[in-house]
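Quick look at structure-v1.cif (mmCIF, C-alpha atoms and all ligand atoms):
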```cif
data_protein
loop_
_atom_site.group_PDB
_atom_site.id
_atom_site.type_symbol
_atom_site.label_atom_id
_atom_site.label_comp_id
_atom_site.auth_asym_id
_atom_site.auth_seq_id
_atom_site.Cartn_x
_atom_site.Cartn_y
_atom_site.Cartn_z
ATOM 1 C CA MET A 10 63.799 71.193 24.225
ATOM 2 C CA TYR A 11 60.849 69.766 22.368
ATOM 3 C CA THR A 12 58.719 72.036 20.229
ATOM 4 C CA SER A 13 56.031 69.484 19.455
ATOM 5 C CA ILE A 14 54.373 66.656 21.355
ATOM 6 C CA ALA A 15 54.915 64.349 18.359
ATOM 7 C CA GLU A 16 58.678 64.963 18.515
ATOM 8 C CA PHE A 17 58.702 64.050 22.222
ATOM 9 C CA ILE A 18 56.582 60.921 21.689
ATOM 10 C CA GLN A 19 58.872 59.724 18.903
ATOM 11 C CA GLU A 20 61.992 60.084 21.069
ATOM 12 C CA TRP A 21 60.225 58.702 24.130
ATOM 13 C CA ASN A 22 59.197 55.595 22.184
ATOM 14 C CA GLN A 23 62.801 54.947 21.098
ATOM 15 C CA GLU A 24 64.368 55.544 24.496
ATOM 16 C CA ALA A 25 61.655 53.724 26.442
ATOM 17 C CA SER A 26 61.972 50.707 24.163
ATOM 18 C CA SER A 27 65.788 50.508 24.634
ATOM 19 C CA THR A 28 65.280 50.917 28.369
ATOM 20 C CA GLN A 29 62.634 48.194 28.311
ATOM 21 C CA LYS A 30 65.153 45.829 26.672
ATOM 22 C CA VAL A 31 67.611 46.532 29.490
ATOM 23 C CA LEU A 32 64.951 45.966 32.172
ATOM 24 C CA ASP A 33 63.734 42.795 30.435
ATOM 25 C CA GLY A 34 67.324 41.488 30.621
ATOM 26 C CA LEU A 35 67.507 41.634 34.425
ATOM 27 C CA THR A 36 67.210 38.571 36.623
ATOM 28 C CA ASP A 37 65.996 38.451 40.210
ATOM 29 C CA GLN A 38 69.484 37.651 41.454
ATOM 30 C CA SER A 39 71.096 40.476 39.482
ATOM 31 C CA LEU A 40 68.991 43.038 41.348
ATOM 32 C CA GLN A 41 71.471 42.693 44.241
ATOM 33 C CA GLN A 42 74.453 43.706 42.065
ATOM 34 C CA GLU A 43 76.181 46.805 43.403
ATOM 35 C CA VAL A 44 79.209 48.886 42.493
ATOM 36 C CA SER A 45 79.943 49.448 46.201
ATOM 37 C CA PRO A 46 78.002 48.878 49.434
ATOM 38 C CA GLU A 47 77.320 52.607 49.614
ATOM 39 C CA ASP A 48 75.752 52.881 46.173
ATOM 40 C CA ARG A 49 72.433 51.870 44.709
ATOM 41 C CA THR A 50 72.053 48.268 43.679
ATOM 42 C CA LEU A 51 71.050 47.416 40.125
ATOM 43 C CA GLY A 52 67.537 46.691 41.435
ATOM 44 C CA ARG A 53 67.308 50.066 43.136
ATOM 45 C CA ILE A 54 68.458 51.930 40.022
ATOM 46 C CA ALA A 55 65.999 49.981 37.867
ATOM 47 C CA TRP A 56 63.120 50.683 40.250
ATOM 48 C CA HIS A 57 64.181 54.340 40.497
ATOM 49 C CA VAL A 58 63.897 54.673 36.710
ATOM 50 C CA VAL A 59 60.396 53.186 36.834
ATOM 51 C CA ALA A 60 59.052 55.036 39.891
ATOM 52 C CA SER A 61 60.699 58.416 39.274
ATOM 53 C CA THR A 62 59.113 58.797 35.830
ATOM 54 C CA PRO A 63 55.543 59.450 37.084
ATOM 55 C CA GLY A 64 57.155 61.356 39.992
ATOM 56 C CA MET A 65 58.861 63.742 37.562
ATOM 57 C CA LEU A 66 55.702 64.109 35.444
ATOM 58 C CA THR A 67 53.806 65.079 38.603
ATOM 59 C CA GLU A 68 56.473 67.718 39.337
ATOM 60 C CA PHE A 69 55.973 69.031 35.773
ATOM 61 C CA GLY A 70 52.254 69.494 36.527
ATOM 62 C CA ILE A 71 51.001 66.428 34.658
ATOM 63 C CA THR A 72 48.441 64.199 36.367
ATOM 64 C CA VAL A 73 49.540 60.585 36.183
ATOM 65 C CA GLU A 74 49.183 57.510 38.371
ATOM 66 C CA ASN A 75 52.126 57.004 40.726
ATOM 67 C CA VAL A 76 53.911 53.683 41.021
ATOM 68 C CA GLU A 77 52.734 51.772 44.104
ATOM 69 C CA ASN A 78 55.445 51.085 46.686
ATOM 70 C CA GLY A 79 57.855 53.390 44.891
ATOM 71 C CA ASP A 80 60.263 53.193 47.845
ATOM 72 C CA ALA A 81 60.392 49.408 48.132
ATOM 73 C CA VAL A 82 62.448 47.706 45.427
ATOM 74 C CA PRO A 83 60.592 44.595 44.200
ATOM 75 C CA THR A 84 62.429 41.288 44.505
ATOM 76 C CA SER A 85 61.119 40.277 41.078
ATOM 77 C CA ALA A 86 62.853 41.630 37.983
ATOM 78 C CA LYS A 87 59.695 40.870 36.005
ATOM 79 C CA THR A 88 57.634 43.135 38.269
ATOM 80 C CA ILE A 89 60.060 45.998 37.586
ATOM 81 C CA ALA A 90 60.033 45.410 33.818
ATOM 82 C CA ASP A 91 56.236 45.013 33.646
ATOM 83 C CA THR A 92 55.669 48.155 35.695
ATOM 84 C CA PHE A 93 57.864 50.097 33.263
ATOM 85 C CA ARG A 94 55.663 48.928 30.366
ATOM 86 C CA LYS A 95 52.682 50.530 32.119
ATOM 87 C CA VAL A 96 54.637 53.687 33.036
ATOM 88 C CA THR A 97 55.682 54.061 29.390
ATOM 89 C CA SER A 98 52.143 53.954 28.030
ATOM 90 C CA ASP A 99 50.761 56.085 30.898
ATOM 91 C CA THR A 100 53.404 58.721 30.087
ATOM 92 C CA ILE A 101 52.436 58.911 26.410
ATOM 93 C CA GLU A 102 48.738 59.063 27.215
ATOM 94 C CA ALA A 103 49.102 61.741 29.912
ATOM 95 C CA VAL A 104 51.348 64.024 27.839
ATOM 96 C CA GLN A 105 49.151 63.679 24.748
ATOM 97 C CA GLN A 106 45.965 64.371 26.673
ATOM 98 C CA GLN A 107 47.174 67.153 28.937
ATOM 99 C CA TRP A 108 49.675 69.175 26.920
ATOM 100 C CA THR A 109 49.634 70.670 23.416
ATOM 101 C CA ASP A 110 52.426 71.924 21.153
ATOM 102 C CA ALA A 111 51.595 75.463 22.315
ATOM 103 C CA SER A 112 51.909 74.544 26.003
ATOM 104 C CA LEU A 113 55.545 73.465 25.495
ATOM 105 C CA THR A 114 56.700 77.100 25.529
ATOM 106 C CA GLU A 115 54.888 77.881 28.813
ATOM 107 C CA MET A 116 57.236 78.346 31.763
ATOM 108 C CA LYS A 117 57.062 76.037 34.761
ATOM 109 C CA ASN A 118 59.001 75.939 38.024
ATOM 110 C CA VAL A 119 60.469 72.454 38.250
ATOM 111 C CA PHE A 120 62.731 71.392 41.117
ATOM 112 C CA GLY A 121 63.259 75.094 41.913
ATOM 113 C CA MET A 122 64.192 76.119 38.355
ATOM 114 C CA GLU A 123 62.078 78.046 35.842
ATOM 115 C CA MET A 124 62.014 76.337 32.459
ATOM 116 C CA PRO A 125 59.774 75.874 29.435
ATOM 117 C CA LYS A 126 57.631 72.756 29.620
ATOM 118 C CA GLY A 127 59.361 71.521 26.455
ATOM 119 C CA VAL A 128 62.614 71.389 28.451
ATOM 120 C CA THR A 129 61.031 69.416 31.289
ATOM 121 C CA LEU A 130 60.265 66.608 28.842
ATOM 122 C CA SER A 131 63.936 66.562 27.767
ATOM 123 C CA LEU A 132 64.912 66.171 31.432
ATOM 124 C CA LEU A 133 62.599 63.181 31.719
ATOM 125 C CA ILE A 134 64.369 61.420 28.858
ATOM 126 C CA LYS A 135 67.914 62.438 29.858
ATOM 127 C CA HIS A 136 67.302 61.101 33.361
ATOM 128 C CA ILE A 137 66.392 57.673 32.007
ATOM 129 C CA ILE A 138 69.373 57.629 29.641
ATOM 130 C CA HIS A 139 71.734 58.489 32.524
ATOM 131 C CA HIS A 140 70.523 55.623 34.701
ATOM 132 C CA ARG A 141 70.302 53.191 31.775
ATOM 133 C CA GLY A 142 74.065 53.637 31.274
ATOM 134 C CA GLN A 143 74.651 52.776 34.927
ATOM 135 C CA MET A 144 72.451 49.698 34.610
ATOM 136 C CA THR A 145 74.329 48.282 31.625
ATOM 137 C CA VAL A 146 77.625 48.438 33.551
ATOM 138 C CA LEU A 147 76.104 46.674 36.579
ATOM 139 C CA MET A 148 74.596 44.092 34.201
ATOM 140 C CA ARG A 149 78.117 43.326 32.903
ATOM 141 C CA GLN A 150 79.349 42.967 36.475
ATOM 142 C CA ALA A 151 76.452 40.600 37.198
ATOM 143 C CA GLY A 152 77.410 38.481 34.179
ATOM 144 C CA LEU A 153 74.199 39.188 32.266
ATOM 145 C CA ASN A 154 73.809 39.659 28.538
ATOM 146 C CA VAL A 155 73.593 43.333 27.733
ATOM 147 C CA PRO A 156 71.291 44.492 24.930
ATOM 148 C CA GLY A 157 72.641 47.012 22.449
ATOM 149 C CA VAL A 158 71.398 50.531 23.037
ATOM 150 C CA TYR A 159 72.762 52.950 20.399
ATOM 151 C CA GLY A 160 74.663 50.198 18.625
ATOM 152 C CA PRO A 161 75.388 46.489 19.039
ATOM 153 C CA ALA A 162 76.571 45.213 22.434
ATOM 154 C CA ARG A 163 79.651 42.971 22.531
ATOM 155 C CA GLU A 164 77.636 39.714 22.296
ATOM 156 C CA GLU A 165 75.556 41.048 19.400
ATOM 157 C CA TRP A 166 78.630 41.447 17.172
ATOM 158 C CA SER A 167 79.368 37.744 17.454
ATOM 159 C CA GLN A 168 75.703 36.910 16.792
ATOM 160 C CA MET A 169 76.136 38.796 13.525
ATOM 161 C CA GLY A 170 79.225 36.699 12.822
ATOM 162 C CA MET A 171 81.526 39.685 13.289
ATOM 163 C CA GLU A 172 84.199 40.638 15.742
ATOM 164 C CA ALA A 173 83.564 43.599 18.024
ATOM 165 C CA PRO A 174 85.763 46.575 17.123
ATOM 166 C CA ALA A 175 88.867 46.790 19.360
ATOM 167 C CA LEU A 176 87.808 50.153 20.749
HETATM 168 NI NI NI A 201 67.834 59.693 39.274
#
```
If you took the structure in this file and wrote it as structure tokens, what would it be?
Ligand code: NI
Amino acid sequence: MYTSIAEFIQEWNQEASSTQKVLDGLTDQSLQQEVSPEDRTLGRIAWHVVASTPGMLTEFGITVENVENGDAVPTSAKTIADTFRKVTSDTIEAVQQQWTDASLTEMKNVFGMEMPKGVTLSLLIKHIIHHRGQMTVLMRQAGLNVPGVYGPAREEWSQMGMEAPAL
């Protein structure tokens, strides 16, 4: 749970920028990549990350612009990545303008559960991290380069002139 808006913004900036790198690495064709015909495609997961962020903020009681056509996955990877850039800055602006450090301890019913507002912001970030992990696996399956998230990705070791650790 966050106890200050500044703490949230700092973590949001880090996680949004890693997520942006993943989204910027997608190609139009890769959006069709799927783990099975019954599961979300890479494009649908990517668009879910983008569109669900203002959706969750709205559930938390924050006024923010929704993503247009949130149900229809764009065919352009660039549209998805560019929309996330806007969602990222809208999120920072809305939280900074509408909540204060003191409001983070207020309780709020979110998705049927009572929780402090400072916890809702943790959920927002955890949700993105969860789906970002799924996206990097589908990116491997699609044959794309994967950007490092919490450490170098396989291809980044060789760019540094080093071998990736065995495990
Ligand atoms: Ni989700």
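With only C-alpha atoms taken into account, the protein and nucleic acid residues at most 10 Å from A:His139 (excluding it and anything under 5 positions from it in its own chain) are Val58, Ile134 and Met144 of chain A.
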Self-check item: Distance query A:Phe93 at most 12 Å, all atoms listed in the file, self and fewer than 4 positions along chain excluded, as number ranges by chain
Solution: A: 25-33, 55-63, 75-76, 86-89, 97-100, 137
Expected file: the selected residues, C-alpha atoms, as a compact mmCIF listing (two decimals), in the coordinates of the input:
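Dumped everything to result09.txt:
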```
# COMPACT_ATOMS: atom_id res chain seq x y z
CA ALA A 25 61.66 53.72 26.44
CA SER A 26 61.97 50.71 24.16
CA SER A 27 65.79 50.51 24.63
CA THR A 28 65.28 50.92 28.37
CA GLN A 29 62.63 48.19 28.31
CA LYS A 30 65.15 45.83 26.67
CA VAL A 31 67.61 46.53 29.49
CA LEU A 32 64.95 45.97 32.17
CA ASP A 33 63.73 42.80 30.44
CA ALA A 55 66.00 49.98 37.87
CA TRP A 56 63.12 50.68 40.25
CA HIS A 57 64.18 54.34 40.50
CA VAL A 58 63.90 54.67 36.71
CA VAL A 59 60.40 53.19 36.83
CA ALA A 60 59.05 55.04 39.89
CA SER A 61 60.70 58.42 39.27
CA THR A 62 59.11 58.80 35.83
CA PRO A 63 55.54 59.45 37.08
CA ASN A 75 52.13 57.00 40.73
CA VAL A 76 53.91 53.68 41.02
CA ALA A 86 62.85 41.63 37.98
CA LYS A 87 59.70 40.87 36.01
CA THR A 88 57.63 43.14 38.27
CA ILE A 89 60.06 46.00 37.59
CA THR A 97 55.68 54.06 29.39
CA SER A 98 52.14 53.95 28.03
CA ASP A 99 50.76 56.08 30.90
CA THR A 100 53.40 58.72 30.09
CA ILE A 137 66.39 57.67 32.01
```
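Atom CA of A:Trp166 is positioned 12.5 Å from atom CA of A:Asn154.
Omitting A:Glu16 and its sequence neighbours fewer than 5 positions away, and counting all atoms listed in the file, the residues within 12 Å are Met10, Tyr11, Trp21, Asn22, Gln23, Ile101, Val104, Gln105, Thr109, Asp110, Leu113, Gly127, Leu130 and Ser131 of chain A.
Ranking A:Asp37, A:Thr145, A:Lys126, A:Gln168 by their shortest atom-to-atom distance to A:Trp108, with only C-alpha atoms included, puts A:Lys126 first.
Distances from A:Met116, A:Ile14, A:Gln143, A:Val73 to A:Arg53 were compared using only C-alpha atoms, and the smallest one belongs to A:Gln143.
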Leaving out A:Asn118 and any residue of its chain fewer than 4 positions from it, which residues lie within 10 Å of it when counting all atoms listed in the file, given as a CSV table (one decimal) with C-alpha atoms, in the frame of the given file?
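Saved as part-v1.csv:
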```csv
chain,number,residue,atom,x,y,z
A,68,GLU,CA,56.5,67.7,39.3
A,69,PHE,CA,56.0,69.0,35.8
A,70,GLY,CA,52.3,69.5,36.5
A,122,MET,CA,64.2,76.1,38.4
A,123,GLU,CA,62.1,78.0,35.8
A,124,MET,CA,62.0,76.3,32.5
A,125,PRO,CA,59.8,75.9,29.4
A,126,LYS,CA,57.6,72.8,29.6
A,129,THR,CA,61.0,69.4,31.3
```
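Checking A:Leu35, A:Gly160, A:Glu24, A:Ser13 one by one against A:Asp91, counting only C-alpha atoms, you find the shortest gap at A:Leu35.
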Practice problem: Would you list the residues near (76.4, 44.4, 34.9), meaning any protein, DNA or RNA residue with an atom at most 10 Å from that point in file coordinates, counting all atoms listed in the file, as an NGL selection string? | Solution: :A and (35 or 39-40 or 42-44 or 51 or 143-155)
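Nearest to ligand NI 201 (chain A) of all the residues A:Val158, A:Ala103, A:Leu133, A:Val82 is A:Leu133, based on all atoms listed in the file.
Nearest residue to ligand NI 201 (chain A) among A:Gly157, A:Asn78, A:Glu165, A:Leu132 is A:Leu132, counting only C-alpha atoms and all ligand atoms.
Atom CA of A:Ala162 sits 22.5 Å away from atom CA of A:Gln41.
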Self-check item: Top pick for closest residue to A:Gly34, considering A:Ser85, A:Pro156, A:Lys95, A:Thr114 and counting only C-alpha atoms
Solution: A:Pro156
